[in-house]
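Q: Provided herewith: coords-v4.cif, mmCIF, C-alpha atoms and all ligand atoms.
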```cif
data_coords
loop_
_atom_site.label_atom_id
_atom_site.label_comp_id
_atom_site.auth_asym_id
_atom_site.auth_seq_id
_atom_site.Cartn_x
_atom_site.Cartn_y
_atom_site.Cartn_z
CA MET A 1 18.61 10.89 -4.93
CA LYS A 2 19.61 8.65 -2.03
CA ILE A 3 16.77 6.39 -0.90
CA ALA A 4 16.11 4.29 2.19
CA LEU A 5 13.79 1.43 1.23
CA ILE A 6 11.80 0.16 4.21
CA GLY A 7 10.86 -3.50 3.69
CA CYS A 8 12.41 -5.94 1.26
CA GLY A 9 9.67 -8.47 0.60
CA ALA A 10 7.51 -8.92 -2.50
CA ILE A 11 7.10 -5.19 -3.21
CA GLY A 12 10.59 -4.14 -2.10
CA THR A 13 12.40 -6.76 -4.16
CA SER A 14 10.34 -6.09 -7.26
CA LEU A 15 10.89 -2.34 -6.85
CA LEU A 16 14.65 -2.85 -6.60
CA GLU A 17 14.58 -4.87 -9.85
CA LEU A 18 12.73 -2.09 -11.65
CA VAL A 19 14.87 0.86 -10.50
CA LYS A 20 18.29 -0.81 -10.46
CA ASP A 21 19.40 0.96 -13.66
CA ASP A 22 17.62 4.28 -13.03
CA ALA A 23 19.97 7.23 -13.24
CA GLY A 24 19.30 9.58 -10.37
CA ILE A 25 17.99 6.93 -7.96
CA GLU A 26 20.38 5.28 -5.53
CA ILE A 27 19.12 2.80 -2.97
CA ALA A 28 21.48 3.70 -0.15
CA ALA A 29 19.81 1.70 2.63
CA ILE A 30 17.38 -1.17 3.07
CA VAL A 31 15.59 -1.16 6.41
CA VAL A 32 14.32 -4.51 7.71
CA PRO A 33 13.95 -6.22 11.10
CA ALA A 34 16.95 -8.30 12.25
CA PHE A 35 15.28 -11.61 11.33
CA ALA A 36 15.00 -10.48 7.69
CA ALA A 37 18.51 -9.02 7.37
CA ASP A 38 20.23 -12.03 5.77
CA ALA A 39 17.62 -12.35 3.02
CA ALA A 40 17.75 -8.58 2.43
CA ARG A 41 21.56 -8.71 2.18
CA GLU A 42 21.30 -11.36 -0.54
CA THR A 43 18.77 -9.26 -2.43
CA ALA A 44 20.90 -6.14 -2.01
CA ALA A 45 24.00 -7.92 -3.35
CA ARG A 46 22.05 -8.71 -6.51
CA LEU A 47 19.98 -5.57 -7.02
CA ALA A 48 21.30 -2.70 -4.91
CA PRO A 49 25.03 -3.22 -4.25
CA LYS A 50 25.46 0.25 -2.71
CA ALA A 51 22.77 -0.33 -0.11
CA GLN A 52 23.56 -1.00 3.52
CA VAL A 53 21.07 -3.33 5.25
CA VAL A 54 20.05 -1.80 8.57
CA GLU A 55 17.35 -1.93 11.23
CA ALA A 56 16.57 1.81 11.22
CA VAL A 57 16.74 4.64 8.69
CA PRO A 58 20.38 5.88 8.82
CA ALA A 59 20.95 9.20 10.59
CA ALA A 60 22.69 10.76 7.58
CA GLY A 61 22.97 10.41 3.81
CA ILE A 62 19.28 9.73 3.04
CA GLU A 63 17.05 12.10 1.07
CA LEU A 64 13.80 10.10 0.77
CA VAL A 65 12.26 7.03 2.41
CA VAL A 66 10.04 4.55 0.59
CA GLU A 67 7.91 2.33 2.81
CA ALA A 68 6.86 -1.13 1.55
CA ALA A 69 6.94 -3.04 4.81
CA GLY A 70 3.57 -3.16 6.58
CA HIS A 71 1.49 -1.17 9.02
CA ALA A 72 3.95 -1.31 11.93
CA ALA A 73 6.65 0.37 9.87
CA ILE A 74 4.71 3.64 9.69
CA GLU A 75 5.02 4.37 13.40
CA GLN A 76 8.43 2.71 13.70
CA HIS A 77 10.24 4.29 10.74
CA VAL A 78 8.12 6.75 8.74
CA LEU A 79 7.09 9.02 11.64
CA PRO A 80 10.67 9.58 12.88
CA ALA A 81 11.93 10.06 9.31
CA LEU A 82 9.34 12.76 8.65
CA GLU A 83 10.20 14.50 11.92
CA ARG A 84 13.82 14.60 10.73
CA GLY A 85 12.72 16.30 7.53
CA LEU A 86 12.89 13.28 5.20
CA PRO A 87 10.00 13.03 2.74
CA ALA A 88 8.28 9.65 2.58
CA ILE A 89 6.47 7.54 -0.01
CA VAL A 90 4.03 5.25 1.80
CA ALA A 91 2.45 1.99 0.57
CA SER A 92 0.89 0.76 3.85
CA VAL A 93 -1.93 3.30 3.69
CA GLY A 94 -4.20 1.10 5.81
CA ALA A 95 -2.06 1.99 8.82
CA LEU A 96 -3.85 5.34 8.81
CA SER A 97 -6.96 3.54 10.07
CA ALA A 98 -5.41 3.61 13.57
CA PRO A 99 -7.07 6.48 15.42
CA GLY A 100 -4.69 9.44 15.71
CA LEU A 101 -2.08 8.18 13.23
CA PRO A 102 -3.05 10.51 10.34
CA GLU A 103 -2.76 13.47 12.73
CA GLN A 104 0.60 12.17 14.00
CA LEU A 105 1.88 11.86 10.43
CA GLU A 106 0.72 15.38 9.64
CA ALA A 107 2.37 16.74 12.77
CA ALA A 108 5.62 14.90 12.04
CA ALA A 109 5.73 16.15 8.45
CA ARG A 110 4.95 19.69 9.58
CA LYS A 111 7.69 19.53 12.20
CA GLY A 112 10.18 18.29 9.60
CA GLY A 113 8.98 20.74 6.96
CA THR A 114 8.38 17.86 4.60
CA GLN A 115 5.63 15.66 3.15
CA ALA A 116 4.35 12.08 3.18
CA GLN A 117 2.91 10.79 -0.10
CA LEU A 118 0.32 8.00 0.16
CA ILE A 119 0.50 6.07 -3.09
CA ALA A 120 -2.54 4.84 -5.01
CA GLY A 121 -1.02 1.36 -4.95
CA ALA A 122 -3.23 -1.40 -6.32
CA ILE A 123 -6.15 0.91 -7.17
CA GLY A 124 -6.79 3.50 -9.88
CA ALA A 125 -8.88 6.67 -10.17
CA ILE A 126 -7.61 8.08 -6.88
CA ASP A 127 -7.00 11.34 -8.75
CA ALA A 128 -10.61 11.43 -9.98
CA LEU A 129 -11.99 10.53 -6.56
CA ALA A 130 -9.92 13.13 -4.72
CA ALA A 131 -10.92 15.76 -7.30
CA ALA A 132 -14.58 14.74 -7.08
CA ARG A 133 -14.45 15.27 -3.30
CA VAL A 134 -13.84 18.97 -3.91
CA GLY A 135 -17.30 19.25 -5.47
CA GLY A 136 -18.91 16.97 -2.86
CA LEU A 137 -19.38 13.18 -2.79
CA GLN A 138 -22.61 11.39 -1.91
CA SER A 139 -21.47 7.79 -1.76
CA VAL A 140 -18.36 5.70 -2.30
CA ARG A 141 -18.42 1.90 -2.26
CA TYR A 142 -15.41 -0.36 -2.54
CA THR A 143 -15.41 -4.10 -3.22
CA GLY A 144 -12.21 -6.15 -2.96
CA ARG A 145 -12.28 -9.63 -4.44
CA LYS A 146 -9.37 -12.07 -4.32
CA PRO A 147 -8.93 -15.81 -4.76
CA PRO A 148 -9.41 -17.75 -1.49
CA HIS A 149 -5.69 -18.45 -0.95
CA ALA A 150 -4.98 -14.70 -0.89
CA TRP A 151 -7.00 -14.51 2.34
CA THR A 152 -4.95 -17.04 4.30
CA GLY A 153 -3.66 -15.78 7.62
CA THR A 154 -6.59 -13.34 7.96
CA PRO A 155 -9.89 -13.35 9.90
CA ALA A 156 -11.47 -14.77 6.71
CA GLU A 157 -10.27 -18.17 7.93
CA GLU A 158 -12.38 -18.02 11.09
CA GLY A 159 -15.19 -20.56 10.83
CA ARG A 160 -14.47 -21.53 7.23
CA ASP A 161 -12.06 -23.59 5.17
CA LEU A 162 -10.93 -21.20 2.44
CA ALA A 163 -9.56 -24.03 0.28
CA ALA A 164 -12.99 -25.70 0.25
CA LEU A 165 -14.97 -22.67 -0.98
CA THR A 166 -16.95 -23.39 -4.14
CA ALA A 167 -18.78 -20.06 -4.45
CA GLU A 168 -17.93 -16.42 -3.82
CA THR A 169 -18.13 -15.66 -0.12
CA VAL A 170 -18.41 -12.24 1.52
CA ILE A 171 -15.83 -12.31 4.30
CA PHE A 172 -16.26 -8.73 5.48
CA GLU A 173 -18.83 -5.97 5.18
CA GLY A 174 -18.40 -2.67 7.02
CA SER A 175 -16.40 0.52 7.14
CA ALA A 176 -13.03 1.09 5.48
CA ARG A 177 -11.55 1.69 8.94
CA GLU A 178 -12.57 -1.78 10.17
CA ALA A 179 -11.50 -3.41 6.91
CA ALA A 180 -8.03 -1.87 7.07
CA ARG A 181 -7.65 -2.79 10.74
CA LEU A 182 -8.76 -6.41 10.33
CA PHE A 183 -7.01 -7.06 7.00
CA PRO A 184 -3.76 -5.07 7.17
CA LYS A 185 -2.19 -6.92 4.23
CA ASN A 186 -5.32 -7.04 2.08
CA ALA A 187 -7.31 -3.85 2.58
CA ASN A 188 -4.87 -0.98 2.17
CA VAL A 189 -6.84 -0.07 -0.93
CA ALA A 190 -10.01 0.29 1.15
CA ALA A 191 -8.18 2.89 3.24
CA THR A 192 -6.78 4.66 0.17
CA VAL A 193 -10.20 4.94 -1.47
CA SER A 194 -11.69 6.27 1.75
CA LEU A 195 -8.92 8.78 2.45
CA ALA A 196 -9.28 10.16 -1.09
CA GLY A 197 -13.07 10.18 -0.82
CA LEU A 198 -15.53 10.13 2.05
CA GLY A 199 -13.24 9.11 4.89
CA LEU A 200 -12.55 5.91 6.79
CA ASP A 201 -15.91 5.80 8.56
CA HIS A 202 -18.19 6.67 5.66
CA THR A 203 -16.90 4.41 2.90
CA SER A 204 -18.72 1.07 2.53
CA VAL A 205 -16.45 -1.90 2.02
CA ARG A 206 -17.11 -5.48 1.00
CA LEU A 207 -14.33 -8.06 0.87
CA ILE A 208 -14.91 -11.30 -1.02
CA ALA A 209 -13.07 -14.61 -1.29
CA ASP A 210 -13.92 -15.90 -4.75
CA PRO A 211 -12.74 -19.26 -6.13
CA GLY A 212 -13.93 -18.03 -9.55
CA VAL A 213 -11.21 -15.38 -9.95
CA SER A 214 -7.47 -15.64 -10.40
CA GLU A 215 -6.80 -11.90 -10.20
CA ASN A 216 -7.14 -9.38 -7.37
CA VAL A 217 -10.28 -7.52 -8.46
CA HIS A 218 -10.91 -4.04 -7.04
CA GLN A 219 -14.14 -2.16 -7.73
CA VAL A 220 -15.08 1.39 -6.80
CA GLU A 221 -18.47 3.03 -7.32
CA ALA A 222 -18.59 6.74 -6.55
CA GLU A 223 -21.34 9.32 -6.89
CA GLY A 224 -21.38 13.03 -6.24
CA ALA A 225 -21.72 16.51 -7.71
CA PHE A 226 -19.22 15.56 -10.43
CA GLY A 227 -21.47 12.72 -11.69
CA ARG A 228 -20.59 9.07 -11.11
CA PHE A 229 -18.00 6.47 -11.99
CA GLU A 230 -17.57 2.74 -11.74
CA LEU A 231 -14.06 1.34 -11.82
CA THR A 232 -13.00 -2.30 -12.07
CA MET A 233 -9.35 -3.29 -11.78
CA ARG A 234 -8.32 -6.89 -12.52
CA ASN A 235 -4.83 -6.98 -11.11
CA GLN A 236 -2.21 -9.68 -11.48
CA ALA A 237 -0.78 -10.61 -8.11
CA LEU A 238 2.96 -10.76 -7.49
CA ALA A 239 4.33 -14.31 -7.67
CA ALA A 240 6.09 -13.70 -4.36
CA ASN A 241 2.88 -12.68 -2.54
CA PRO A 242 -0.64 -13.52 -3.74
CA LYS A 243 -2.08 -10.85 -1.45
CA THR A 244 -0.25 -8.06 -3.30
CA SER A 245 -0.96 -6.78 -6.81
CA ALA A 246 1.97 -6.07 -9.14
CA LEU A 247 0.41 -2.64 -9.76
CA THR A 248 1.34 -1.68 -6.19
CA VAL A 249 5.00 -1.98 -7.14
CA TYR A 250 4.51 0.01 -10.34
CA SER A 251 2.69 2.69 -8.35
CA ALA A 252 5.60 2.93 -5.88
CA VAL A 253 8.13 3.08 -8.72
CA ARG A 254 6.07 5.77 -10.45
CA ALA A 255 6.05 7.83 -7.25
CA LEU A 256 9.79 7.33 -6.82
CA ARG A 257 10.63 8.24 -10.42
CA GLY A 258 8.35 11.25 -10.08
CA ARG A 259 10.73 12.65 -7.47
CA VAL A 260 13.61 12.90 -9.91
CA ALA A 261 11.87 13.42 -13.26
CA PRO A 262 11.77 16.92 -14.79
CA LEU A 263 8.21 16.38 -16.05
CA VAL A 264 5.65 14.40 -14.07
CA ILE A 265 2.25 12.91 -14.90
N1 LIG B 1 -1.37 0.41 -1.07
C1 LIG B 1 -1.58 -0.78 -1.64
O1 LIG B 1 -2.30 -0.90 -2.65
C2 LIG B 1 -0.94 -1.99 -1.07
C3 LIG B 1 -0.13 -1.89 0.04
N2 LIG B 1 0.49 -2.98 0.55
C4 LIG B 1 1.33 -2.81 1.76
O2 LIG B 1 2.66 -3.17 1.48
C5 LIG B 1 3.15 -4.01 2.51
C6 LIG B 1 4.26 -4.89 2.00
O3 LIG B 1 3.77 -5.77 1.03
P1 LIG B 1 4.63 -7.02 0.50
O4 LIG B 1 5.95 -6.54 0.02
O5 LIG B 1 3.75 -7.78 -0.43
O6 LIG B 1 4.82 -7.84 1.86
P2 LIG B 1 5.95 -8.89 2.23
O7 LIG B 1 5.45 -9.61 3.43
O8 LIG B 1 6.35 -9.69 1.04
O9 LIG B 1 7.23 -8.00 2.64
C7 LIG B 1 7.28 -7.23 3.81
C8 LIG B 1 8.74 -6.83 4.05
O10 LIG B 1 8.79 -5.84 5.10
C9 LIG B 1 9.66 -6.31 6.15
N3 LIG B 1 9.13 -5.79 7.40
C10 LIG B 1 8.12 -6.28 8.15
N4 LIG B 1 7.90 -5.48 9.21
C11 LIG B 1 8.80 -4.46 9.11
C12 LIG B 1 9.08 -3.32 9.91
N5 LIG B 1 8.38 -3.05 11.01
N6 LIG B 1 10.08 -2.49 9.50
C13 LIG B 1 10.78 -2.75 8.38
N7 LIG B 1 10.56 -3.81 7.60
C14 LIG B 1 9.58 -4.66 7.96
C15 LIG B 1 9.67 -7.82 6.02
O11 LIG B 1 10.82 -8.36 6.62
C16 LIG B 1 9.65 -7.96 4.50
O12 LIG B 1 10.94 -7.74 3.99
C17 LIG B 1 1.88 -4.77 3.00
O13 LIG B 1 2.03 -5.25 4.33
C18 LIG B 1 0.83 -3.71 2.89
O14 LIG B 1 0.78 -2.95 4.10
C19 LIG B 1 0.39 -4.21 -0.05
C20 LIG B 1 -0.41 -4.36 -1.16
C21 LIG B 1 -1.17 -3.27 -1.74
O1 LIG B 2 -2.51 -5.56 -3.73
C1 LIG B 2 -3.74 -5.59 -3.72
O2 LIG B 2 -4.42 -6.09 -4.63
C2 LIG B 2 -4.50 -4.92 -2.63
C3 LIG B 2 -4.02 -5.18 -1.28
O3 LIG B 2 -3.37 -6.16 -0.99
C4 LIG B 2 -4.39 -4.21 -0.27
O4 LIG B 2 -5.29 -3.38 -0.52
O5 LIG B 2 -3.78 -4.24 0.81
#
```
Please lay out the structure from this file as C-alpha cells.
A:
Amino acid sequence: MKIALIGCGAIGTSLLELVKDDAGIEIAAIVVPAFAADAARETAARLAPKAQVVEAVPAAGIELVVEAAGHAAIEQHVLPALERGLPAIVASVGALSAPGLPEQLEAAARKGGTQAQLIAGAIGAIDALAAARVGGLQSVRYTGRKPPHAWTGTPAEEGRDLAALTAETVIFEGSAREAARLFPKNANVAATVSLAGLGLDHTSVRLIADPGVSENVHQVEAEGAFGRFELTMRNQALAANPKTSALTVYSAVRALRGRVAPLVI
C-alpha cells in the first residue's frame, strides 16, 4: 500500500523507523511545509528512500494518508485527500474541536466514498468507552498530567514560571473542546476521549503540570449503564518531543499495519 505521511517530526520519524521493513507498506510521499523539507529529505534518505518530499499530497499514486503533523494539517491536507477518495489515519484528533470540522470531515469522506480513522493515540480504552456509549454514559472525566517542561509554549506559561513549580498545578479545568483548542499539542487525548464518549462539550477535563512525574499520565473515569471504569496510563514521552507519548506512534503504526494485515485486532 502506497502511503503519504503528513508531518515528519517526532511521531513521523519514529513511525518511519518502525515500518521501514514492513512488507506491504511503502511510504511514497512525505508531506511537510517548505521550511521543513530539508530535514524531511534527510530523514527520508535514511528511512524511506522511495518517498518524495512534497508540500501537498501527490495527485496520483497514493492509496492512504497518515496525518502526524498538527491541527492545521487536517483542513490543509486531510480534507482534500478524503474528498479525492483517499482514506486517512488521523493523529491530530483535537482539530475536531473546531466548530464544523467534524461535519466537514464527514462530508469530505462521504463525497470521496472513503473513511477517516481517528486513532486512540496516547490513550487506551477508547474501544470500551465507545462501546459503553451505546448503552448510555452518565459521566466521563479526563485528567492529563505531564511534567512542567512538557507544557512550554502553551497557555500554562501565562502568569507562572513552569520551571519553578514545586507542587502539582492545575493549569486548565473545563470542557474537552476548550482544552483541545487551547492546548493543540497536549490535549488531543481530551478530544479523543470526548469524541468516543460524551462529546466535546460534556466531558470534564483537568490538565496538570506536575514536577513529581516524569511520564505523561492520562486518567479516564467513566460511568454509565455498562458500569464504571478507571484507567491510568503512565506513558513514556518521545525523546524528540516531551509533549508526545511514544504510544501515539505505536497507535499510528498499529492503525497502518491494520490496513494491510489479513487479521486485525
Ligand atoms: N492523538 C494523540 O494521542 C496525540 C496526537 N498528537 C498530534 O500529533 C501532532 C504531531 O506530533 P509530533 O510529531 O510530536 O510533533 P512535531 O512538532 O515533532 O512534528 C510535527 C511535524 O509536522 C510538520 N508540520 C507542521 N505543520 C504542518 C502542516 N500544516 N502540514 C504538514 N506538515 C506539517 C512539521 O514540519 C513537523 O515535521 C501534534 O501536533 C498533535 O496534534 C500528538 C500527541 C498525541
Ligand atoms: O502524547 C500525549 O501524551 C498526549 C498528547 O500530547 C495529546 O493529547 O495531545
Q: Grab me every residue within 8 Å of ligand LIG 2 (chain B), counting all atoms listed in the file, and send it over as a PDB file with C-alpha atoms, keeping the file's coordinate frame.
A:
```
ATOM      1  CA  SER A  92       0.890   0.760   3.850  1.00  0.00           C
ATOM      2  CA  GLY A  94      -4.200   1.100   5.810  1.00  0.00           C
ATOM      3  CA  GLY A 121      -1.020   1.360  -4.950  1.00  0.00           C
ATOM      4  CA  ALA A 122      -3.230  -1.400  -6.320  1.00  0.00           C
ATOM      5  CA  ILE A 123      -6.150   0.910  -7.170  1.00  0.00           C
ATOM      6  CA  GLY A 144     -12.210  -6.150  -2.960  1.00  0.00           C
ATOM      7  CA  LYS A 146      -9.370 -12.070  -4.320  1.00  0.00           C
ATOM      8  CA  ALA A 180      -8.030  -1.870   7.070  1.00  0.00           C
ATOM      9  CA  PHE A 183      -7.010  -7.060   7.000  1.00  0.00           C
ATOM     10  CA  PRO A 184      -3.760  -5.070   7.170  1.00  0.00           C
ATOM     11  CA  LYS A 185      -2.190  -6.920   4.230  1.00  0.00           C
ATOM     12  CA  ASN A 186      -5.320  -7.040   2.080  1.00  0.00           C
ATOM     13  CA  ALA A 187      -7.310  -3.850   2.580  1.00  0.00           C
ATOM     14  CA  ASN A 188      -4.870  -0.980   2.170  1.00  0.00           C
ATOM     15  CA  VAL A 189      -6.840  -0.070  -0.930  1.00  0.00           C
ATOM     16  CA  ALA A 190     -10.010   0.290   1.150  1.00  0.00           C
ATOM     17  CA  ALA A 191      -8.180   2.890   3.240  1.00  0.00           C
ATOM     18  CA  ASN A 216      -7.140  -9.380  -7.370  1.00  0.00           C
ATOM     19  CA  VAL A 217     -10.280  -7.520  -8.460  1.00  0.00           C
ATOM     20  CA  HIS A 218     -10.910  -4.040  -7.040  1.00  0.00           C
ATOM     21  CA  ASN A 235      -4.830  -6.980 -11.110  1.00  0.00           C
ATOM     22  CA  ALA A 237      -0.780 -10.610  -8.110  1.00  0.00           C
ATOM     23  CA  LYS A 243      -2.080 -10.850  -1.450  1.00  0.00           C
ATOM     24  CA  THR A 244      -0.250  -8.060  -3.300  1.00  0.00           C
ATOM     25  CA  SER A 245      -0.960  -6.780  -6.810  1.00  0.00           C
ATOM     26  CA  ALA A 246       1.970  -6.070  -9.140  1.00  0.00           C
ATOM     27  CA  LEU A 247       0.410  -2.640  -9.760  1.00  0.00           C
ATOM     28  CA  THR A 248       1.340  -1.680  -6.190  1.00  0.00           C
TER      29      THR A 248
END
```
Q: Find the residues near Ala34 (chain A): any atom within 12 Å, counting all atoms listed in the file, skip ones fewer than 4 places away on the same chain, and give them as a PyMOL selection string.
A: chain A and resi 7+30+38-41+53-56
Q: Restricting the calculation to only C-alpha atoms: of A:Val264, A:Val253, A:Ala108, A:Ala88, which residue gets closest to Val19 (chain A)?
A: A:Val253
Q: In Å, how far is it from atom C11 of ligand LIG 1 (chain B) to CA of Gly9 (chain A)?
A: 9.4 Å
Q: Residues at most 12 Å from Gln76 (chain A), counting only C-alpha atoms, excluding those fewer than 3 positions away in the same chain, as a list in words?
A: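 My reading of the contact set: Ile6, Val31, Val32, Pro33, Glu55, Ala56, Val57, Glu67, Ala69, Gly70, His71, Ala72, Ala73, Leu79, Pro80, Ala81, Leu82, Ala95, Leu101 and Leu105 of chain A.
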Q: Looking at A:Pro99, A:Glu63, A:Ile74, A:Val140, which one is nearest to Ile126 (chain A), with distances taken over only C-alpha atoms?
A: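 Nearest candidate to Ile126 (chain A) out of A:Pro99, A:Glu63, A:Ile74, A:Val140: A:Val140.
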Q: Quick one: everything within 8 Å of Ala196 (chain A), counting all atoms listed in the file, minus sequence neighbours fewer than 5 positions away in the same chain. Send it as a list in words.
A: Ile126, Leu129, Ala130 and Arg133 of chain A
Q: Please indicate the distance in Å from CA of Leu15 (chain A) to CA of Leu256 (chain A), rounded to one decimal place.
A: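 According to the coordinates, CA of Leu15 (chain A) and CA of Leu256 (chain A) are separated by 9.7 Å.
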Q: Which residues, written as a list in words, have at least one atom at most 9 Å from Val260 (chain A), with only C-alpha atoms counted and residues fewer than 3 positions away on the same chain left out?
A: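 Answer for this query is Met1, Gly24, Ile25, Leu256, Arg257 and Leu263 of chain A.
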Q: Would you mind reading off the distance between CA of Ala150 (chain A) and CA of Ser251 (chain A), one decimal, in Å?
A: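 So the two atoms, CA of Ala150 (chain A) and CA of Ser251 (chain A), lie 20.4 Å apart.
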Q: Which residues come within 12 Å of region 165-178 of chain A, counting all atoms listed in the file, excluding same-chain residues fewer than 5 positions away, as an MDAnalysis selection string?
A: chainID A and resid 93:99 140:149 151:152 154:160 183:184 186:213
Q: Between A:Ala51, A:Val249, A:Met233, A:Val220, which residue has the minimum interatomic distance to ligand LIG 1 (chain B), considering only C-alpha atoms and all ligand atoms?
A: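 Checking each of A:Ala51, A:Val249, A:Met233, A:Val220 against ligand LIG 1 (chain B), counting only C-alpha atoms and all ligand atoms, the winner is A:Val249.
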Q: Taking all atoms listed in the file into account, name the residue in A:Val90, A:Ala132, A:Ala44, A:Ala28 that is nearest to ligand LIG 1 (chain B).
A: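 Among A:Val90, A:Ala132, A:Ala44, A:Ala28, it is A:Val90 that comes nearest to ligand LIG 1 (chain B).
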Q: Is it possible to dump region 11-30 of chain A as a PDB file, in the first residue's frame, including just N, CA and C atoms?
A:
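result-v3.pdb was written with the following content:
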```
ATOM      1  N   ILE A  11       6.654  12.115  15.825  1.00  0.00           N
ATOM      2  CA  ILE A  11       5.830  10.940  15.500  1.00  0.00           C
ATOM      3  C   ILE A  11       6.203  10.394  14.123  1.00  0.00           C
ATOM      4  N   GLY A  12       6.271  11.273  13.134  1.00  0.00           N
ATOM      5  CA  GLY A  12       6.532  10.825  11.761  1.00  0.00           C
ATOM      6  C   GLY A  12       7.835  10.057  11.644  1.00  0.00           C
ATOM      7  N   THR A  13       8.893  10.601  12.241  1.00  0.00           N
ATOM      8  CA  THR A  13      10.209   9.954  12.134  1.00  0.00           C
ATOM      9  C   THR A  13      10.207   8.587  12.822  1.00  0.00           C
ATOM     10  N   SER A  14       9.611   8.547  13.993  1.00  0.00           N
ATOM     11  CA  SER A  14       9.563   7.300  14.750  1.00  0.00           C
ATOM     12  C   SER A  14       8.710   6.257  14.015  1.00  0.00           C
ATOM     13  N   LEU A  15       7.627   6.721  13.389  1.00  0.00           N
ATOM     14  CA  LEU A  15       6.790   5.810  12.588  1.00  0.00           C
ATOM     15  C   LEU A  15       7.581   5.242  11.405  1.00  0.00           C
ATOM     16  N   LEU A  16       8.338   6.106  10.747  1.00  0.00           N
ATOM     17  CA  LEU A  16       9.138   5.633   9.598  1.00  0.00           C
ATOM     18  C   LEU A  16      10.131   4.562  10.038  1.00  0.00           C
ATOM     19  N   GLU A  17      10.745   4.775  11.218  1.00  0.00           N
ATOM     20  CA  GLU A  17      11.701   3.774  11.729  1.00  0.00           C
ATOM     21  C   GLU A  17      11.008   2.433  11.923  1.00  0.00           C
ATOM     22  N   LEU A  18       9.785   2.478  12.463  1.00  0.00           N
ATOM     23  CA  LEU A  18       9.104   1.218  12.797  1.00  0.00           C
ATOM     24  C   LEU A  18       8.596   0.463  11.569  1.00  0.00           C
ATOM     25  N   VAL A  19       8.204   1.184  10.518  1.00  0.00           N
ATOM     26  CA  VAL A  19       7.592   0.479   9.373  1.00  0.00           C
ATOM     27  C   VAL A  19       8.563   0.292   8.204  1.00  0.00           C
ATOM     28  N   LYS A  20       9.824   0.697   8.397  1.00  0.00           N
ATOM     29  CA  LYS A  20      10.718   0.721   7.217  1.00  0.00           C
ATOM     30  C   LYS A  20      10.909  -0.663   6.583  1.00  0.00           C
ATOM     31  N   ASP A  21      10.770  -1.733   7.375  1.00  0.00           N
ATOM     32  CA  ASP A  21      10.943  -3.068   6.794  1.00  0.00           C
ATOM     33  C   ASP A  21       9.621  -3.815   6.612  1.00  0.00           C
ATOM     34  N   ASP A  22       8.508  -3.115   6.794  1.00  0.00           N
ATOM     35  CA  ASP A  22       7.204  -3.777   6.649  1.00  0.00           C
ATOM     36  C   ASP A  22       6.911  -4.096   5.191  1.00  0.00           C
ATOM     37  N   ALA A  23       6.666  -5.377   4.920  1.00  0.00           N
ATOM     38  CA  ALA A  23       6.222  -5.728   3.571  1.00  0.00           C
ATOM     39  C   ALA A  23       4.795  -5.195   3.421  1.00  0.00           C
ATOM     40  N   GLY A  24       4.492  -4.675   2.275  1.00  0.00           N
ATOM     41  CA  GLY A  24       3.118  -4.224   2.049  1.00  0.00           C
ATOM     42  C   GLY A  24       2.882  -2.759   2.375  1.00  0.00           C
ATOM     43  N   ILE A  25       3.864  -2.112   3.028  1.00  0.00           N
ATOM     44  CA  ILE A  25       3.719  -0.679   3.311  1.00  0.00           C
ATOM     45  C   ILE A  25       4.861   0.071   2.628  1.00  0.00           C
ATOM     46  N   GLU A  26       4.494   0.969   1.728  1.00  0.00           N
ATOM     47  CA  GLU A  26       5.525   1.800   1.088  1.00  0.00           C
ATOM     48  C   GLU A  26       5.223   3.270   1.345  1.00  0.00           C
ATOM     49  N   ILE A  27       6.153   3.958   1.991  1.00  0.00           N
ATOM     50  CA  ILE A  27       5.979   5.397   2.178  1.00  0.00           C
ATOM     51  C   ILE A  27       6.393   6.058   0.857  1.00  0.00           C
ATOM     52  N   ALA A  28       5.381   6.488   0.107  1.00  0.00           N
ATOM     53  CA  ALA A  28       5.648   7.029  -1.229  1.00  0.00           C
ATOM     54  C   ALA A  28       5.833   8.542  -1.211  1.00  0.00           C
ATOM     55  N   ALA A  29       5.285   9.201  -0.171  1.00  0.00           N
ATOM     56  CA  ALA A  29       5.428  10.657  -0.085  1.00  0.00           C
ATOM     57  C   ALA A  29       5.452  11.092   1.369  1.00  0.00           C
ATOM     58  N   ILE A  30       6.224  12.146   1.630  1.00  0.00           N
ATOM     59  CA  ILE A  30       6.224  12.786   2.949  1.00  0.00           C
ATOM     60  C   ILE A  30       5.834  14.237   2.716  1.00  0.00           C
TER      61      ILE A  30
END
```
